[in-house]
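See below for my_file-v9.cif, which holds mmCIF, C-alpha atoms and all ligand atoms.
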```
data_structure
loop_
_atom_site.label_atom_id
_atom_site.label_comp_id
_atom_site.auth_asym_id
_atom_site.auth_seq_id
_atom_site.Cartn_x
_atom_site.Cartn_y
_atom_site.Cartn_z
CA MET U 1 -21.89 -2.49 -7.17
CA ALA U 2 -21.21 -5.98 -5.81
CA LYS U 3 -23.93 -7.99 -4.10
CA ILE U 4 -23.43 -9.62 -0.71
CA LEU U 5 -24.49 -13.26 -0.69
CA GLN U 6 -23.79 -13.89 2.96
CA ARG U 7 -22.59 -12.06 6.07
CA GLU U 8 -22.26 -14.13 9.18
CA ARG U 9 -20.68 -13.66 12.59
CA LEU U 10 -18.31 -16.60 13.06
CA VAL U 11 -17.24 -15.82 16.63
CA PRO U 12 -17.51 -12.60 18.64
CA ASN U 13 -15.84 -9.82 16.64
CA ILE U 14 -15.01 -11.95 13.59
CA HIS U 15 -17.34 -12.03 10.59
CA LEU U 16 -17.48 -13.74 7.22
CA ILE U 17 -18.57 -11.90 4.10
CA GLU U 18 -19.30 -13.66 0.81
CA VAL U 19 -19.64 -11.40 -2.21
CA TYR U 20 -20.83 -12.14 -5.75
CA ALA U 21 -17.75 -11.36 -7.86
CA PRO U 22 -17.40 -13.98 -10.63
CA GLU U 23 -14.42 -12.28 -12.34
CA ILE U 24 -12.42 -12.26 -9.11
CA ALA U 25 -13.46 -15.82 -8.22
CA ARG U 26 -12.27 -16.99 -11.63
CA LYS U 27 -8.80 -15.44 -11.34
CA CYS U 28 -7.83 -15.33 -7.65
CA LYS U 29 -5.05 -17.34 -6.06
CA PRO U 30 -4.03 -18.02 -2.41
CA GLY U 31 -2.47 -15.01 -0.69
CA GLN U 32 -4.26 -12.35 -2.77
CA PHE U 33 -6.65 -9.75 -1.42
CA VAL U 34 -9.57 -7.54 -2.38
CA ILE U 35 -10.33 -3.90 -1.63
CA ILE U 36 -13.82 -3.29 -0.38
CA MET U 37 -15.68 -0.10 0.43
CA PRO U 38 -18.63 -0.67 2.79
CA ASP U 39 -20.69 2.29 1.55
CA GLU U 40 -20.53 5.31 -0.79
CA ARG U 41 -19.08 7.55 1.92
CA GLY U 42 -16.74 4.95 3.39
CA GLU U 43 -13.06 4.20 2.94
CA ARG U 44 -11.40 1.49 0.88
CA ILE U 45 -9.99 -1.30 3.03
CA PRO U 46 -8.07 -4.45 2.05
CA LEU U 47 -9.25 -7.93 3.05
CA THR U 48 -7.49 -11.20 2.24
CA ILE U 49 -9.40 -13.66 0.08
CA ALA U 50 -10.11 -16.58 2.40
CA ASP U 51 -12.03 -18.77 -0.04
CA TRP U 52 -13.81 -18.65 -3.40
CA ASP U 53 -16.26 -20.64 -5.49
CA LYS U 54 -15.75 -20.36 -9.26
CA GLU U 55 -19.10 -22.01 -10.10
CA LYS U 56 -21.10 -19.80 -7.77
CA GLY U 57 -18.96 -16.78 -8.69
CA SER U 58 -18.37 -15.88 -5.07
CA VAL U 59 -15.43 -14.62 -3.03
CA THR U 60 -15.24 -14.96 0.76
CA SER U 61 -13.27 -12.89 3.25
CA VAL U 62 -13.19 -13.02 7.02
CA PHE U 63 -12.68 -9.80 8.95
CA MET U 64 -12.14 -8.68 12.49
CA VAL U 65 -14.18 -5.70 13.67
CA VAL U 66 -11.69 -3.01 14.70
CA GLY U 67 -12.93 0.38 13.48
CA THR U 68 -15.49 2.25 11.41
CA SER U 69 -15.24 0.34 8.11
CA THR U 70 -15.23 -3.12 9.65
CA ASN U 71 -18.14 -2.08 11.92
CA LYS U 72 -20.05 -0.96 8.84
CA LEU U 73 -19.27 -4.26 7.08
CA SER U 74 -20.47 -6.24 10.10
CA ASN U 75 -23.87 -4.55 9.75
CA LEU U 76 -24.39 -5.54 6.11
CA LYS U 77 -26.65 -8.45 5.24
CA ALA U 78 -27.29 -10.79 2.31
CA GLY U 79 -28.82 -8.82 -0.57
CA ASP U 80 -27.04 -5.54 0.31
CA GLU U 81 -24.53 -4.13 -2.14
CA VAL U 82 -21.11 -2.56 -1.70
CA PRO U 83 -19.93 0.18 -4.12
CA VAL U 84 -16.35 -1.08 -4.41
CA PHE U 85 -15.09 -4.66 -4.46
CA VAL U 86 -11.90 -4.93 -6.53
CA GLY U 87 -9.37 -7.69 -6.97
CA PRO U 88 -7.65 -10.00 -7.00
CA LEU U 89 -4.81 -7.74 -5.82
CA GLY U 90 -1.25 -8.47 -4.73
CA ARG U 91 1.07 -11.26 -5.71
CA PRO U 92 -0.16 -14.76 -4.95
CA SER U 93 1.69 -16.73 -2.24
CA GLU U 94 4.57 -18.82 -3.54
CA ILE U 95 3.35 -22.42 -3.58
CA LYS U 96 5.90 -25.18 -4.22
CA LYS U 97 6.79 -28.54 -2.77
CA TYR U 98 9.02 -27.52 0.13
CA GLY U 99 8.67 -30.61 2.35
CA THR U 100 7.17 -29.76 5.72
CA VAL U 101 5.47 -26.37 6.02
CA LEU U 102 4.15 -24.88 9.23
CA CYS U 103 1.16 -22.53 8.79
CA ALA U 104 0.63 -20.22 11.78
CA GLY U 105 -2.56 -18.15 11.89
CA GLY U 106 -4.36 -15.94 14.39
CA CYS U 107 -7.51 -13.76 14.43
CA TYR U 108 -8.51 -13.04 10.78
CA GLY U 109 -5.37 -14.94 9.71
CA ILE U 110 -7.01 -18.25 10.65
CA ALA U 111 -9.21 -17.83 7.59
CA ALA U 112 -6.61 -16.04 5.48
CA ILE U 113 -4.15 -18.92 5.87
CA TYR U 114 -6.73 -21.53 4.82
CA PRO U 115 -6.29 -21.27 1.00
CA VAL U 116 -2.51 -21.19 1.46
CA ALA U 117 -2.55 -24.37 3.59
CA ARG U 118 -4.89 -26.03 1.09
CA ALA U 119 -2.63 -25.18 -1.88
CA LEU U 120 0.51 -26.28 -0.03
CA LYS U 121 -1.13 -29.61 0.82
CA ARG U 122 -2.19 -30.11 -2.81
CA ALA U 123 1.39 -29.35 -3.89
CA GLY U 124 2.51 -32.38 -1.87
CA ASN U 125 3.76 -30.76 1.33
CA LYS U 126 3.28 -32.07 4.83
CA VAL U 127 1.25 -29.27 6.44
CA ILE U 128 1.41 -28.49 10.15
CA THR U 129 -1.21 -25.93 11.16
CA VAL U 130 -0.89 -23.94 14.37
CA LEU U 131 -3.71 -21.57 15.29
CA ASP U 132 -3.58 -18.99 18.03
CA VAL U 133 -6.70 -17.80 19.85
CA LYS U 134 -7.13 -15.91 23.11
CA ALA U 135 -9.85 -18.35 24.20
CA ASN U 136 -11.43 -21.55 22.90
CA TYR U 137 -14.70 -19.85 21.94
CA LEU U 138 -12.79 -17.62 19.49
CA LEU U 139 -11.73 -20.53 17.30
CA TYR U 140 -13.48 -20.92 13.92
CA TRP U 141 -12.91 -22.91 10.69
CA GLU U 142 -11.36 -25.71 12.74
CA GLU U 143 -12.78 -28.51 10.56
CA LYS U 144 -11.81 -26.78 7.30
CA LEU U 145 -8.22 -26.36 8.45
CA ARG U 146 -7.93 -29.81 10.04
CA ALA U 147 -8.93 -31.30 6.67
CA GLU U 148 -5.93 -29.65 4.99
CA SER U 149 -3.42 -30.42 7.75
CA ASP U 150 -1.27 -33.44 8.54
CA ARG U 151 -0.91 -32.14 12.09
CA PHE U 152 -3.09 -29.57 13.77
CA PHE U 153 -2.42 -27.58 16.95
CA VAL U 154 -4.33 -24.88 18.77
CA SER U 155 -2.75 -22.47 21.22
CA ALA U 156 -5.49 -21.01 23.41
CA ARG U 157 -4.98 -19.22 26.71
CA ASP U 158 -7.86 -21.14 28.36
CA SER U 159 -7.04 -24.28 26.46
CA PHE U 160 -9.12 -27.40 25.99
CA TYR U 161 -6.68 -27.81 23.16
CA ASP U 162 -2.97 -28.48 22.91
CA CYS U 163 -1.41 -25.72 24.95
CA ARG U 164 -1.90 -22.35 26.59
CA ASP U 165 1.26 -20.69 25.29
CA TYR U 166 1.29 -17.71 22.97
CA ILE U 167 2.10 -18.93 19.47
CA PRO U 168 5.88 -18.23 19.31
CA ARG U 169 6.55 -20.62 22.19
CA THR U 170 4.29 -23.27 20.64
CA LEU U 171 6.22 -22.79 17.41
CA ARG U 172 9.58 -23.19 19.15
CA ASN U 173 8.36 -26.37 20.89
CA ILE U 174 7.17 -27.85 17.59
CA ILE U 175 10.38 -26.88 15.79
CA LYS U 176 12.46 -28.61 18.48
CA LYS U 177 10.34 -31.79 18.25
CA GLU U 178 9.76 -32.03 14.49
CA ILE U 179 12.34 -33.68 12.24
CA GLU U 180 12.70 -30.66 9.99
CA ILE U 181 10.48 -27.73 9.06
CA HIS U 182 11.33 -26.24 5.70
CA ARG U 183 9.12 -23.17 5.71
CA VAL U 184 6.82 -21.22 8.01
CA ILE U 185 3.91 -19.07 6.80
CA SER U 186 2.35 -16.70 9.30
CA ILE U 187 -0.79 -14.59 8.83
CA GLY U 188 -2.64 -12.52 11.42
CA CYS U 189 -2.11 -9.36 13.43
CA THR U 190 1.24 -7.59 13.00
CA TYR U 191 2.44 -8.64 16.47
CA LEU U 192 1.73 -12.32 15.79
CA MET U 193 3.65 -12.23 12.49
CA TYR U 194 6.53 -10.35 14.11
CA THR U 195 6.82 -12.78 17.04
CA CYS U 196 6.56 -15.82 14.73
CA SER U 197 9.42 -14.38 12.65
CA GLU U 198 11.49 -13.79 15.79
CA ALA U 199 10.78 -17.36 16.99
CA THR U 200 12.05 -18.97 13.77
CA LYS U 201 15.08 -16.69 13.22
CA PRO U 202 17.52 -18.67 15.40
CA TYR U 203 16.59 -21.84 13.47
CA ARG U 204 17.01 -20.08 10.08
CA ILE U 205 13.68 -21.38 8.82
CA LYS U 206 12.37 -19.18 6.00
CA THR U 207 9.30 -17.42 7.41
CA VAL U 208 6.82 -15.76 5.07
CA VAL U 209 4.45 -13.15 6.48
CA SER U 210 1.46 -11.46 4.83
CA LEU U 211 2.00 -7.80 5.71
CA ASN U 212 -0.91 -5.53 6.59
CA PRO U 213 0.19 -1.89 6.29
CA ILE U 214 -2.41 0.79 5.63
CA MET U 215 -3.47 0.57 1.99
CA VAL U 216 -5.53 2.99 -0.08
CA ASP U 217 -5.58 2.28 -3.82
CA GLY U 218 -3.98 -1.20 -3.65
CA THR U 219 -2.36 -0.75 -7.07
CA GLY U 220 1.03 0.80 -6.29
CA MET U 221 -0.02 4.41 -7.01
CA CYS U 222 -0.44 6.14 -3.61
CA GLY U 223 2.56 4.88 -1.61
CA ALA U 224 0.51 4.43 1.58
CA CYS U 225 1.55 0.81 1.99
CA ARG U 226 5.31 1.50 1.92
CA VAL U 227 7.34 -1.03 3.92
CA THR U 228 11.07 -1.64 4.21
CA VAL U 229 12.28 -5.17 3.50
CA ASP U 230 15.99 -6.02 3.50
CA GLY U 231 16.72 -2.28 3.55
CA LYS U 232 14.73 -1.65 0.37
CA THR U 233 11.44 0.22 -0.03
CA LYS U 234 8.58 -1.97 -1.19
CA PHE U 235 4.89 -1.33 -1.78
CA ALA U 236 3.08 -4.16 -0.04
CA CYS U 237 0.09 -4.01 -2.41
CA VAL U 238 2.08 -4.78 -5.55
CA ASP U 239 5.39 -6.25 -4.30
CA GLY U 240 3.63 -8.28 -1.57
CA PRO U 241 1.72 -8.72 0.64
CA ASP U 242 4.00 -11.76 1.29
CA PHE U 243 7.55 -10.99 2.42
CA ASP U 244 10.37 -12.70 4.28
CA GLY U 245 9.59 -11.97 7.94
CA HIS U 246 13.28 -12.05 8.89
CA LEU U 247 13.97 -9.08 6.60
CA VAL U 248 11.00 -6.81 7.44
CA ASP U 249 11.58 -3.53 9.29
CA TRP U 250 8.93 -4.28 11.93
CA GLU U 251 9.44 -1.11 13.96
CA GLU U 252 8.62 1.02 10.92
CA LEU U 253 5.55 -1.11 10.12
CA PHE U 254 4.21 -0.85 13.69
CA SER U 255 4.69 2.90 13.68
CA ARG U 256 3.16 3.51 10.22
CA ARG U 257 0.10 1.43 11.13
CA LYS U 258 -0.60 3.83 14.03
CA PHE U 259 -0.37 6.92 11.83
CA TYR U 260 -4.11 7.76 11.80
CA PHE U 261 -4.94 6.42 15.25
CA GLU U 262 -6.54 9.63 16.60
CA ASP U 263 -8.66 10.09 13.45
CA GLU U 264 -9.71 6.43 13.51
CA ILE U 265 -10.88 6.69 17.13
CA GLN U 266 -12.79 9.91 16.37
CA SER U 267 -14.35 8.31 13.31
CA LEU U 268 -15.48 5.27 15.31
CA CYS U 269 -16.91 7.45 18.12
CA HIS U 270 -18.77 9.50 15.51
CA TRP U 271 -20.15 6.35 13.86
CA GLU U 272 -21.22 4.86 17.21
CA ARG U 273 -22.97 8.10 18.27
CA LYS U 274 -24.86 8.14 14.96
CA TYR U 275 -26.00 4.54 15.02
CA PHE U 276 -26.21 3.88 18.78
CA PRO U 277 -27.21 7.31 20.18
C1 LIG M 301 -3.22 -6.93 2.36
C2 LIG M 301 -4.09 -6.81 3.60
C3 LIG M 301 -4.99 -7.81 3.87
C4 LIG M 301 -5.80 -7.72 5.01
N1 LIG M 301 -6.66 -8.73 5.25
C5 LIG M 301 -7.51 -8.65 6.28
C6 LIG M 301 -8.48 -9.67 6.51
O1 LIG M 301 -8.58 -10.65 5.76
N2 LIG M 301 -9.30 -9.53 7.58
C7 LIG M 301 -9.19 -8.45 8.42
O2 LIG M 301 -9.95 -8.40 9.39
N3 LIG M 301 -8.30 -7.47 8.23
C8 LIG M 301 -7.46 -7.54 7.18
N4 LIG M 301 -6.56 -6.53 6.97
C9 LIG M 301 -6.57 -5.37 7.88
C10 LIG M 301 -7.79 -4.48 7.54
O3 LIG M 301 -7.61 -3.90 6.28
C11 LIG M 301 -7.95 -3.39 8.63
O4 LIG M 301 -8.28 -4.02 9.84
C12 LIG M 301 -9.08 -2.45 8.24
O5 LIG M 301 -8.65 -1.63 7.20
C13 LIG M 301 -9.48 -1.61 9.44
O6 LIG M 301 -10.43 -0.64 9.01
P1 LIG M 301 -11.44 0.03 10.04
O7 LIG M 301 -11.99 1.26 9.42
O8 LIG M 301 -12.41 -0.97 10.55
O9 LIG M 301 -10.53 0.39 11.26
P2 LIG M 301 -9.76 1.76 11.56
O10 LIG M 301 -10.21 2.27 12.87
O11 LIG M 301 -9.78 2.67 10.38
O12 LIG M 301 -8.30 1.21 11.70
C14 LIG M 301 -7.90 0.28 12.70
C15 LIG M 301 -6.48 -0.16 12.35
O13 LIG M 301 -6.55 -0.90 11.11
C16 LIG M 301 -5.50 -0.50 10.24
N5 LIG M 301 -6.08 0.11 9.03
C17 LIG M 301 -6.92 1.16 8.93
N6 LIG M 301 -7.22 1.46 7.65
C18 LIG M 301 -6.53 0.58 6.91
C19 LIG M 301 -6.40 0.37 5.52
N7 LIG M 301 -7.03 1.12 4.62
N8 LIG M 301 -5.58 -0.64 5.10
C20 LIG M 301 -4.96 -1.44 5.98
N9 LIG M 301 -5.03 -1.29 7.33
C21 LIG M 301 -5.81 -0.30 7.78
C22 LIG M 301 -4.66 0.52 10.98
O14 LIG M 301 -3.53 -0.11 11.56
C23 LIG M 301 -5.54 1.02 12.05
O15 LIG M 301 -4.86 1.47 13.19
C24 LIG M 301 -5.70 -6.60 5.88
C25 LIG M 301 -4.79 -5.58 5.59
C26 LIG M 301 -3.98 -5.68 4.47
C27 LIG M 301 -3.02 -4.60 4.15
S1 LIG M 302 -1.93 0.94 -1.37
FE1 LIG M 302 -1.27 2.60 -2.58
S2 LIG M 302 0.71 2.02 -3.20
FE2 LIG M 302 0.01 0.31 -2.09
#
```
Structure re-expressed in structure tokens:
Amino acid sequence: MAKILQRERLVPNIHLIEVYAPEIARKCKPGQFVIIMPDERGERIPLTIADWDKEKGSVTSVFMVVGTSTNKLSNLKAGDEVPVFVGPLGRPSEIKKYGTVLCAGGCYGIAAIYPVARALKRAGNKVITVLDVKANYLLYWEEKLRAESDRFFVSARDSFYDCRDYIPRTLRNIIKKEIEIHRVISIGCTYLMYTCSEATKPYRIKTVVSLNPIMVDGTGMCGACRVTVDGKTKFACVDGPDFDGHLVDWEELFSRRKFYFEDEIQSLCHWERKYFP
């Protein structure tokens, strides 16, 4: 059992969970993830490690409420325990001195990209952060990310910020204006990572995405997280989750992610009827 130290709603639909897991906090690196099970009868779901504190022994993830498991997690509180919290899983993100790196994040990816941006900055890169939100009130961790960025942009549809464009156009505008961008990292929903990859392709800027296929065991045993990259079969949990976005078979990923759609809707309806009759 792992104890929850904090569970907080950051903005509507997006929550932070901090769990006491000293072994994971001691070993984890940017880009890795944990598998959490909200209760004894629940399912195992992967969440990216968004931050950690070695001294406190805690690991933080930020999640978007989409279905039964994330709904269950959003109802937990400090002091509760979860039966499964394993990690760190996956290969860490590749962190080197590339020059100028653009970090593009949206929804839960705003938090997930934070440790990557921080490590890239510490490795001596110039970091440009671009965050995408549907509306201003959905932005969180702004100060944390600004602190790790040389330049900071927000794309919000009702913008008080820099622009109202969806992130790929913002990216293209920045690429055209900047002297040279050596690498792009994109984390968030599948569509955001796909469109970021498409936006950078004509400029041949290496674009790394953190793939989010359905995962079960997270250790390369079940095959659920199979993706095709550069024509080869990969298991995202052990070979990734980071891959070159220009080489991913996105159509396959979109279709495999929808595989259990009917069951997921039924499960959520069942859960809602039970808890909100
Ligand atoms: C490596 C990795 C890291 C991730 N990091 C985060 C994160 O930091 N924050 C966050 O909010 N989300 C993250 N996700 C996605 C998260 O795992 C899903 O949103 C979650 O599993 C949905 O579960 P649910 O029961 O609430 O929703 P469901 O109703 O069961 O599913 C909703 C949708 O989520 C996806 N999904 C369902 N089950 C899984 C599963 N076991 N594994 C992966 N995707 C699934 C499917 O596409 C599905 O259509 C990550 C996924 C992966 C693979
Ligand atoms: S989640 Fe089972 S092989 Fe990757």
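Around Val184 of chain U, within 6 Å and counting all atoms listed in the file, the residues found are Val101, Leu102, Cys103 and Thr207 of chain U, once anything fewer than 3 positions away on its own chain is removed.
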Any chance you can output those residues with C-alpha atoms as a PDB file, keeping the file's coordinate frame?
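So the final result, stored in out-v3.pdb, reads:
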```pdb
ATOM      1  CA  VAL U 101       5.470 -26.370   6.020  1.00  0.00           C
ATOM      2  CA  LEU U 102       4.150 -24.880   9.230  1.00  0.00           C
ATOM      3  CA  CYS U 103       1.160 -22.530   8.790  1.00  0.00           C
ATOM      4  CA  THR U 207       9.300 -17.420   7.410  1.00  0.00           C
TER       5      THR U 207
END
```
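Using only C-alpha atoms, the shortest contact distance between Val59 of chain U and any of U:Gln32, U:Asn13, U:Asn75, U:Thr200 is found at U:Gln32.
You can rank U:Glu8, U:Asp53, U:Glu94, U:Glu264 by their closest distance to ligand LIG 301 (chain M) using all atoms listed in the file, and at the top of that list sits U:Glu264.
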Within 12 Å of ligand LIG 302 (chain M): each chain U residue with its shortest pair, only C-alpha atoms and all ligand atoms, as a tab-separated table:
```
residue	atom	partner	partner_atom	distance
U:Phe33	CA	M:LIG302	S1	11.7
U:Val34	CA	M:LIG302	S1	11.5
U:Ile35	CA	M:LIG302	S1	9.7
U:Arg44	CA	M:LIG302	S1	9.7
U:Ile45	CA	M:LIG302	S1	9.5
U:Pro46	CA	M:LIG302	S1	8.9
U:Leu89	CA	M:LIG302	FE2	10.1
U:Gly90	CA	M:LIG302	FE2	9.3
U:Leu211	CA	M:LIG302	FE2	11.4
U:Asn212	CA	M:LIG302	S1	10.3
U:Pro213	CA	M:LIG302	S1	8.4
U:Ile214	CA	M:LIG302	S1	7.0
U:Met215	CA	M:LIG302	S1	3.7
U:Val216	CA	M:LIG302	S1	4.3
U:Asp217	CA	M:LIG302	FE1	4.5
U:Gly218	CA	M:LIG302	S1	3.7
U:Thr219	CA	M:LIG302	FE2	5.6
U:Gly220	CA	M:LIG302	S2	3.3
U:Met221	CA	M:LIG302	S2	4.6
U:Cys222	CA	M:LIG302	FE1	3.8
U:Gly223	CA	M:LIG302	S2	3.8
U:Ala224	CA	M:LIG302	FE1	4.9
U:Cys225	CA	M:LIG302	FE2	4.4
U:Arg226	CA	M:LIG302	FE2	6.8
U:Val227	CA	M:LIG302	FE2	9.6
U:Thr233	CA	M:LIG302	S2	11.3
U:Lys234	CA	M:LIG302	FE2	8.9
U:Phe235	CA	M:LIG302	FE2	5.2
U:Ala236	CA	M:LIG302	FE2	5.8
U:Cys237	CA	M:LIG302	FE2	4.3
U:Val238	CA	M:LIG302	FE2	6.5
U:Asp239	CA	M:LIG302	FE2	8.8
U:Gly240	CA	M:LIG302	FE2	9.3
U:Pro241	CA	M:LIG302	FE2	9.6
```
- Near Lys72 of chain U, within 10 Å and counting only C-alpha atoms, which residues show up once chain neighbours fewer than 4 positions away are dropped, as a list in words?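 Once the nearby chain positions are removed, what remains is Met37, Pro38, Asp39, Gly42, Val65, Gly67, Thr68, Leu76 and Trp271 of chain U.
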- Query: How would you write as a list in words the residues that get within 12 Å of (-8.9, -15.5, -12.5) in the file's frame, counting all atoms listed in the file?
  - Reply: Ala21, Pro22, Glu23, Ile24, Ala25, Arg26, Lys27, Cys28, Lys29, Pro30, Gln32, Trp52, Asp53, Lys54, Gly57, Val59, Gly87, Pro88, Leu89 and Pro92 of chain U
- Test item: residues at most 10 Å from Lys126 of chain U, only C-alpha atoms, excluding those fewer than 4 positions along its chain, as a ChimeraX atom specification: /U:97-102,117,120-122,148-151,181-182
Please produce an output containing C-alpha atoms for each residue in the selection, written as a PDB file, in the frame of the given file.
```
ATOM      1  CA  LYS U  97       6.790 -28.540  -2.770  1.00  0.00           C
ATOM      2  CA  TYR U  98       9.020 -27.520   0.130  1.00  0.00           C
ATOM      3  CA  GLY U  99       8.670 -30.610   2.350  1.00  0.00           C
ATOM      4  CA  THR U 100       7.170 -29.760   5.720  1.00  0.00           C
ATOM      5  CA  VAL U 101       5.470 -26.370   6.020  1.00  0.00           C
ATOM      6  CA  LEU U 102       4.150 -24.880   9.230  1.00  0.00           C
ATOM      7  CA  ALA U 117      -2.550 -24.370   3.590  1.00  0.00           C
ATOM      8  CA  LEU U 120       0.510 -26.280  -0.030  1.00  0.00           C
ATOM      9  CA  LYS U 121      -1.130 -29.610   0.820  1.00  0.00           C
ATOM     10  CA  ARG U 122      -2.190 -30.110  -2.810  1.00  0.00           C
ATOM     11  CA  GLU U 148      -5.930 -29.650   4.990  1.00  0.00           C
ATOM     12  CA  SER U 149      -3.420 -30.420   7.750  1.00  0.00           C
ATOM     13  CA  ASP U 150      -1.270 -33.440   8.540  1.00  0.00           C
ATOM     14  CA  ARG U 151      -0.910 -32.140  12.090  1.00  0.00           C
ATOM     15  CA  ILE U 181      10.480 -27.730   9.060  1.00  0.00           C
ATOM     16  CA  HIS U 182      11.330 -26.240   5.700  1.00  0.00           C
TER      17      HIS U 182
END
```
- Message: So, with all atoms listed in the file as the atoms that count, which of U:Gly124, U:Pro83, U:Pro12, U:Pro168 lies closest to Glu40 of chain U?
- Response: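 Once distances to Glu40 of chain U are computed over all atoms listed in the file, the minimum belongs to U:Pro83.
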- Quick one: residues within 8 Å of Arg169 of chain U, only C-alpha atoms counted, chain neighbours fewer than 4 positions away excluded, as number ranges by chain? U: 165, 173, 199
Hey, could you pull the box centre and edge lengths for ligand LIG 301 (chain M), axis-aligned, 6 Å padding per side, all listed atoms, to one decimal in Å, as AutoDock Vina command-line options?
```
--center_x -7.7 --center_y -4.0 --center_z 7.8 --size_x 21.4 --size_y 25.3 --size_z 22.8
```
